[in-house]
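Below: data35.txt (compact mmCIF, C-alpha atoms)
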```
# COMPACT_ATOMS: atom_id res chain seq x y z
CA MET A 188 155.62 -148.58 -25.93
CA SER A 189 154.42 -150.02 -22.65
CA ILE A 190 155.76 -150.29 -19.11
CA TRP A 191 155.11 -152.93 -16.49
CA TRP A 192 156.65 -153.73 -13.16
CA SER A 193 156.00 -156.06 -10.27
CA LEU A 194 156.97 -155.79 -6.61
CA HIS A 195 157.00 -158.43 -3.91
CA LEU A 196 156.55 -156.54 -0.66
CA ARG A 197 156.48 -157.46 3.01
CA ARG A 198 153.12 -157.04 4.72
CA GLU A 199 154.35 -153.99 6.60
CA ALA A 200 152.91 -150.49 6.66
CA ALA A 201 156.19 -149.08 5.29
CA SER A 202 155.64 -150.94 2.02
CA VAL A 203 152.56 -148.87 1.12
CA PRO A 204 154.33 -145.54 0.45
CA LEU A 205 157.10 -147.41 -1.38
CA ALA A 206 154.63 -148.85 -3.89
CA ARG A 207 152.89 -145.48 -4.21
CA ARG A 208 156.15 -143.61 -4.89
CA LEU A 209 157.23 -146.12 -7.53
CA LEU A 210 153.88 -145.76 -9.32
CA LEU A 211 154.02 -141.95 -9.16
CA GLY A 212 157.61 -141.92 -10.46
CA THR A 213 156.74 -144.24 -13.33
CA MET A 214 153.75 -142.15 -14.32
CA GLU A 215 155.62 -138.88 -14.08
CA THR A 216 158.44 -140.24 -16.25
CA ALA A 217 155.96 -141.59 -18.80
CA GLY A 218 154.10 -138.27 -18.93
CA VAL A 219 150.75 -139.22 -17.40
CA ASP A 220 148.52 -136.34 -16.34
CA PRO A 221 149.17 -135.57 -12.63
CA ASP A 222 145.48 -135.80 -11.66
CA ILE A 223 145.21 -139.32 -13.12
CA SER A 224 148.49 -140.28 -11.44
CA PHE A 225 147.20 -139.03 -8.10
CA ASP A 226 143.92 -140.95 -8.40
CA LEU A 227 145.75 -144.17 -9.22
CA SER A 228 148.28 -143.66 -6.42
CA VAL A 229 145.53 -143.22 -3.83
CA ALA A 230 143.71 -146.31 -5.14
CA LEU A 231 146.98 -148.27 -5.03
CA SER A 232 147.63 -147.11 -1.46
CA GLU A 233 144.19 -148.34 -0.41
CA ALA A 234 144.68 -151.72 -2.08
CA CYS A 235 148.13 -152.13 -0.49
CA ALA A 236 146.84 -151.11 2.94
CA ASN A 237 144.11 -153.74 2.56
CA ALA A 238 146.71 -156.40 1.70
CA VAL A 239 148.88 -155.38 4.67
CA GLU A 240 145.94 -155.51 7.06
CA HIS A 241 144.02 -158.52 5.74
CA GLY A 242 146.43 -160.34 3.41
CA GLY A 243 147.58 -163.08 5.75
CA PRO A 244 148.04 -163.92 9.41
CA ALA A 245 148.96 -161.07 11.74
CA ALA A 246 152.66 -160.44 12.25
CA GLY A 247 154.04 -162.72 14.89
CA VAL A 248 151.20 -165.26 14.68
CA GLY A 249 152.70 -168.68 15.02
CA ALA A 250 155.99 -167.25 16.25
CA GLY A 251 155.79 -168.52 19.84
CA ALA A 252 157.83 -171.41 21.27
CA GLY A 253 156.81 -174.67 19.65
CA ALA A 254 154.43 -172.95 17.21
CA GLU A 255 154.46 -173.37 13.46
CA PRO A 256 156.39 -170.56 11.72
CA VAL A 257 154.40 -168.22 9.50
CA PRO A 258 154.94 -169.24 5.86
CA GLN A 259 156.96 -166.64 3.93
CA ALA A 260 154.19 -166.30 1.31
CA CYS A 261 151.81 -165.06 4.04
CA ALA A 262 154.24 -162.36 5.12
CA GLU A 263 154.24 -160.68 1.70
CA TYR A 264 152.02 -159.43 -1.10
CA ARG A 265 152.56 -158.51 -4.74
CA VAL A 266 151.83 -155.33 -6.70
CA THR A 267 151.91 -155.30 -10.49
CA ALA A 268 151.32 -152.23 -12.68
CA TYR A 269 150.86 -152.15 -16.45
CA LEU A 270 150.86 -148.97 -18.50
CA ASP A 271 149.90 -149.98 -22.00
CA GLY A 272 148.43 -147.70 -24.62
CA ASP A 273 145.83 -145.47 -23.05
CA ARG A 274 145.20 -147.65 -19.99
CA CYS A 275 146.81 -148.44 -16.67
CA ARG A 276 145.98 -151.67 -14.82
CA ILE A 277 147.11 -152.31 -11.28
CA GLU A 278 146.83 -155.63 -9.44
CA VAL A 279 147.46 -156.25 -5.76
CA THR A 280 147.62 -159.92 -4.77
CA ASP A 281 147.81 -161.22 -1.21
CA SER A 282 147.87 -164.57 0.62
CA GLY A 283 145.02 -163.91 3.02
CA PRO A 284 141.63 -165.55 3.49
CA GLY A 285 140.10 -163.68 0.53
CA PHE A 286 137.01 -161.52 0.29
CA PRO A 287 133.59 -162.48 1.58
CA ALA A 288 131.49 -164.01 -1.22
CA ALA A 289 129.09 -161.04 -1.25
CA THR A 290 131.96 -158.60 -1.78
CA VAL A 291 133.39 -160.53 -4.74
CA ALA A 292 129.90 -160.83 -6.26
CA GLY A 293 129.59 -157.04 -6.17
CA ARG A 294 126.92 -157.00 -3.47
CA ARG A 295 128.71 -154.53 -1.22
CA PRO A 296 126.36 -152.43 0.87
CA ALA A 297 125.51 -149.12 -0.74
CA PRO A 298 127.27 -146.13 0.80
CA ALA A 299 125.36 -144.10 3.40
CA GLY A 300 124.46 -140.72 2.01
CA PRO A 301 124.70 -139.61 -1.62
CA SER A 302 128.33 -140.54 -2.26
CA ALA A 303 130.12 -141.39 0.98
CA PRO A 304 130.87 -144.70 2.66
CA SER A 305 129.22 -145.60 5.94
CA GLU A 306 130.67 -144.42 9.24
CA SER A 307 132.45 -147.72 9.84
CA GLU A 308 135.99 -148.17 8.57
CA HIS A 309 135.16 -151.55 6.99
CA GLY A 310 134.97 -151.32 3.20
CA ARG A 311 136.06 -147.71 2.80
CA GLY A 312 139.20 -148.62 0.88
CA LEU A 313 137.32 -150.73 -1.67
CA TRP A 314 134.73 -147.97 -2.04
CA LEU A 315 137.47 -145.39 -2.62
CA ILE A 316 139.21 -147.59 -5.21
CA ALA A 317 135.89 -147.95 -7.07
CA GLU A 318 135.42 -144.15 -7.01
CA LEU A 319 138.92 -143.42 -8.35
CA ALA A 320 139.25 -146.16 -10.99
CA ASP A 321 137.25 -146.80 -14.16
CA HIS A 322 136.88 -150.54 -13.57
CA VAL A 323 137.50 -152.67 -10.46
CA ARG A 324 137.58 -156.44 -10.15
CA LEU A 325 137.81 -158.33 -6.86
CA ARG A 326 138.50 -162.03 -6.96
CA ASN A 327 139.53 -164.84 -4.67
CA ARG A 328 142.14 -167.45 -5.34
CA PRO A 329 140.82 -170.30 -3.17
CA GLY A 330 143.41 -171.24 -0.59
CA ARG A 331 145.86 -168.67 -1.98
CA GLY A 332 144.43 -165.22 -1.20
CA ALA A 333 142.70 -162.36 -2.97
CA VAL A 334 143.34 -160.08 -5.95
CA VAL A 335 142.23 -156.47 -6.34
CA SER A 336 142.68 -155.22 -9.89
CA PHE A 337 141.64 -151.86 -11.25
CA ASP A 338 141.98 -149.94 -14.51
CA LYS A 339 141.95 -146.30 -15.46
CA ILE A 340 142.06 -144.60 -18.82
CA LEU A 341 145.16 -142.42 -18.99
CA LYS A 342 145.44 -138.78 -19.99
CA TRP A 343 148.81 -137.43 -21.02
CA ARG A 344 150.81 -134.26 -20.52
CA GLU A 345 151.97 -132.44 -23.63
CA GLY A 346 155.14 -134.11 -24.97
CA ALA A 347 154.63 -137.30 -22.94
CA LEU A 348 157.04 -140.16 -23.66
CA LEU A 349 154.33 -142.83 -23.96
CA LYS A 350 151.51 -140.71 -25.38
CA VAL A 351 149.16 -142.74 -27.54
CA SER A 352 149.15 -141.57 -31.16
```
Write the structure described by the file as structure tokens, please.
Amino acid sequence: MSIWWSLHLRREAASVPLARRLLLGTMETAGVDPDISFDLSVALSEACANAVEHGGPAAGVGAGAGAEPVPQACAEYRVTAYLDGDRCRIEVTDSGPGFPAATVAGRRPAPAGPSAPSESEHGRGLWLIAELADHVRLRNRPGRGAVVSFDKILKWREGALLKVS
């Protein structure tokens, strides 16, 4: 058995805990180990926060008298989660300008210190996602935004509904 769901969310801070709670509820119901569920929920929160902050024009941009209205697609982002077999994949898709070419190519600056990001806030969320997930892929959709996808191998509680045989 597998589970998947997709949400279309407004680019508002309140959408982040909503997505996180839905993921945690799904994983709890399916019987995923709580530590794995927590790691994925933190990674999802970081990806959603990134989409809210960078996934399109700022709220209210273009809303003045005589200005072009902000397209609806720019005011939202999408979260999709797949639990299939022993793996969970999460994708967060936005309508923003995309990632810098060096970031997509995997040439992010190395963290300062043995395992911590630099003092600046820039890039911490992507670093945290990479630390919590087993595989991360960043890609741009030219003219249509960016996609953060990440996978994690699942562990199951005893008696889990979706436990792999």
Find the residues with any atom within 7 Å of (144.7, -143.1, -18.7); use only C-alpha atoms and the coordinates as given in the file, and write the answer as an mmCIF file with C-alpha atoms, in the coordinates of the input.
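point-v7.cif, written as the output of this step:
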```
data_model
loop_
_atom_site.group_PDB
_atom_site.id
_atom_site.type_symbol
_atom_site.label_atom_id
_atom_site.label_comp_id
_atom_site.auth_asym_id
_atom_site.auth_seq_id
_atom_site.Cartn_x
_atom_site.Cartn_y
_atom_site.Cartn_z
ATOM 1 C CA ILE A 223 145.210 -139.320 -13.120
ATOM 2 C CA ASP A 273 145.830 -145.470 -23.050
ATOM 3 C CA ARG A 274 145.200 -147.650 -19.990
ATOM 4 C CA CYS A 275 146.810 -148.440 -16.670
ATOM 5 C CA LYS A 339 141.950 -146.300 -15.460
ATOM 6 C CA ILE A 340 142.060 -144.600 -18.820
ATOM 7 C CA LEU A 341 145.160 -142.420 -18.990
ATOM 8 C CA LYS A 342 145.440 -138.780 -19.990
#
```
I'd like the contact shell of A:Arg207 - 12 Å cut-off, all atoms listed in the file, skipping same-chain residues fewer than 6 positions apart - returned as an MDAnalysis selection string. chainID A and resid 194 200:201 213:214 224:236 266:268 277
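What separates atom CA of A:Glu215 from atom CA of A:Leu349 is a distance of 10.7 Å.
Using all atoms listed in the file for every distance, the candidate list A:Asp338, A:Pro284, A:Leu205, A:Val291 yields A:Asp338 as the residue closest to A:Asp321.
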Grab the atom CA of A:Met188 to atom CA of A:Leu348 distance for me, in Å with one decimal place.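 Computing the Euclidean distance for atom CA of A:Met188 and atom CA of A:Leu348 yields 8.8 Å.
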Got a sec: who's within 9 Å of A:Gly330, counting only C-alpha atoms, leaving out chain neighbours fewer than 2 positions off, as a list in words?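 Contacts, in chain order: Ser282, Gly283, Pro284, Gly285, Asn327, Arg328 and Gly332 of chain A.
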Restrict the selected residues to C-alpha atoms and save them as a JSON list (two decimals), in the frame of the given file.
```json
[["chain", "number", "residue", "atom", "x", "y", "z"],
["A", 282, "SER", "CA", 147.87, -164.57, 0.62],
["A", 283, "GLY", "CA", 145.02, -163.91, 3.02],
["A", 284, "PRO", "CA", 141.63, -165.55, 3.49],
["A", 285, "GLY", "CA", 140.10, -163.68, 0.53],
["A", 327, "ASN", "CA", 139.53, -164.84, -4.67],
["A", 328, "ARG", "CA", 142.14, -167.45, -5.34],
["A", 332, "GLY", "CA", 144.43, -165.22, -1.20]]
```
Which value, in Å to one decimal, gives the distance between atom CA of A:Ala292 and atom CA of A:Asp271? 27.7 Å
Shortest interatomic distance to A:His322 - which of A:Ala288, A:Arg276, A:Leu211, A:Gly243, counting all atoms listed in the file: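 Closest candidate: A:Arg276.
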Looking at all atoms listed in the file, which of A:Val203, A:Leu315, A:Ala333, A:Ala217 is the one that sits closest to A:Ser189?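 Using all atoms listed in the file, the shortest distance to A:Ser189 belongs to A:Ala217.
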Which one of A:Ala289, A:Ala238, A:Leu319, A:Val279 sits closest to A:Ala262 if you count all atoms listed in the file?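 Residue with the minimum atom-to-atom distance to A:Ala262: A:Ala238.
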Which one is closest to A:Glu318: A:His241, A:Glu263, A:Thr216, A:Phe337? Count only C-alpha atoms.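 Of A:His241, A:Glu263, A:Thr216, A:Phe337, the one nearest A:Glu318 is A:Phe337, counting only C-alpha atoms.
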